[in-house]
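One structure is given below, encoded as structure tokens.
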Amino acid sequence: MISINGVRKSFDDVEALAGVTTTVADGSIFGLIGSNGSGKSTLLRILSGIYKPDAGVVEYNGEPVYENYAVKQRVVYLSDEQYFLPHATLDEMRSFYRSVYDTFDDDMYMKMTNMFGLNRGRKINTFSKGMQKQSSLLLGLSVRPKYLLCDETFDGIDPVMRQLVRRIIAEDVAENGLTAIISTHNLRELEDLTDHICLLHRGKILIDRELDDMKMTVHKVQAVFEKDPAETFSALDVISHETHGKLHILICRGSEEEIGNALLAASPVYSEIIPLTLEEIFISEMEGIGYDAKNIIR
């Protein structure tokens, strides 16, 4: 388990993290999202032991990560900006990774290189952006880490390869107990992948919840009523409400049963409870607490 307790980090007069506290369960996929400048990359660099927090503690099963070689051997951090040794080929980067990580798996490296169709003898700086992302991923996954920290990992990779990478990570979690933290602006990438979602904004956690729990407690309602439904709506925990003629469209907190019972009590001409996508849930949650969703999710 990764324990993050009261973590703060500032750069000059800019507070990047303002007391972040959460936990990441072993063998899970943890989605980390937020607006630009929310502190996601800073948190990942603290989790990887690159930065030391100004206050607070990060521990992996009770052990600190900063300047702890034993813990760092189990952690791989994939930055949003790839770095490779100057003019290095994939095979030369493999040698470098093998010199750092005792767990580097040559069979995994060969398998993934073939899956991605990458030339192991070609200089990586001649690869496209997407191919460089793939190179970073395959090197990181070939380490067979216990903890994988990904910062905008899927950005720049074509849809077919994104799906392949998602499957590889999911299989590693299921079969080997990998723990992955995936930071992204794109919620569609996390929809069917993550177990838990954490939303950062201005260095603070706004939402920190299990994904299944979120989907069970927020719903979209479409309904048409003969009579004024104001009394019915007052019995619901309404996050947002739009009308299009006689059609009312609401986003409500609560179970499907609770919302359905409240609607039936008003004898609607038509009503339907529709499942929300993860992106719709977050847009609604952000609007509900007064933040501009356009600055949170693209």
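Residues are referred to by chain and number: the chain letter is A, B, ... according to the order shown in the structure tokens, the number counts from 1 in that chain, and ligands are numbered separately from 1 in the order shown.
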Exercise. When DSSP works through the backbone of this structure, what residues of segment 2-203 of chain A end up as helix (DSSP H, G or I), shown as a VMD selection string?
Worked result: chain A and resid 40 to 47 69 to 72 90 to 100 106 to 116 124 to 126 129 to 142 159 to 176 187 to 189
Exercise. Using only C-alpha atoms, which residues sit within 10 Å of Tyr270 of chain A once same-chain residues fewer than 4 positions away are excluded, as a count of residues only?
Worked result: 8
Exercise. Suppose you want the space between atom CA of Leu250 of chain A and atom CA of Asp212 of chain A; what is it in Å?
Worked result: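 Atom CA of Leu250 of chain A sits 20.5 Å away from atom CA of Asp212 of chain A.
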Report as JSON lines the residues of segment 176-284 of chain A within 9 Å of segment 151-170 of chain A, each with its shortest atom pair and distance in Å (one decimal), using only C-alpha atoms, ordered by chain and increasing residue number.
```
{"residue": "A:Leu178", "atom": "CA", "partner": "A:Ile169", "partner_atom": "CA", "distance": 8.0}
{"residue": "A:Ala180", "atom": "CA", "partner": "A:Ile169", "partner_atom": "CA", "distance": 7.9}
{"residue": "A:Ile181", "atom": "CA", "partner": "A:Asp151", "partner_atom": "CA", "distance": 8.5}
{"residue": "A:Ile182", "atom": "CA", "partner": "A:Asp151", "partner_atom": "CA", "distance": 6.3}
{"residue": "A:Ser183", "atom": "CA", "partner": "A:Asp151", "partner_atom": "CA", "distance": 4.9}
{"residue": "A:Thr184", "atom": "CA", "partner": "A:Glu152", "partner_atom": "CA", "distance": 4.9}
{"residue": "A:His185", "atom": "CA", "partner": "A:Glu152", "partner_atom": "CA", "distance": 7.6}
{"residue": "A:Asn186", "atom": "CA", "partner": "A:Glu152", "partner_atom": "CA", "distance": 8.8}
{"residue": "A:Glu189", "atom": "CA", "partner": "A:Phe154", "partner_atom": "CA", "distance": 8.0}
{"residue": "A:Leu193", "atom": "CA", "partner": "A:Ala170", "partner_atom": "CA", "distance": 7.2}
```
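Neighbours of Thr126 of chain A closer than or equal to 12 Å, with only C-alpha atoms counted and sequence neighbours fewer than 4 positions away skipped, come out as A:Phe84, A:Pro86, A:His87, A:Ala88, A:Thr89, A:Leu90, A:Leu118, A:Asn119, A:Gly121, A:Arg122, A:Gly130, A:Met131, A:Gln132, A:Ser135.
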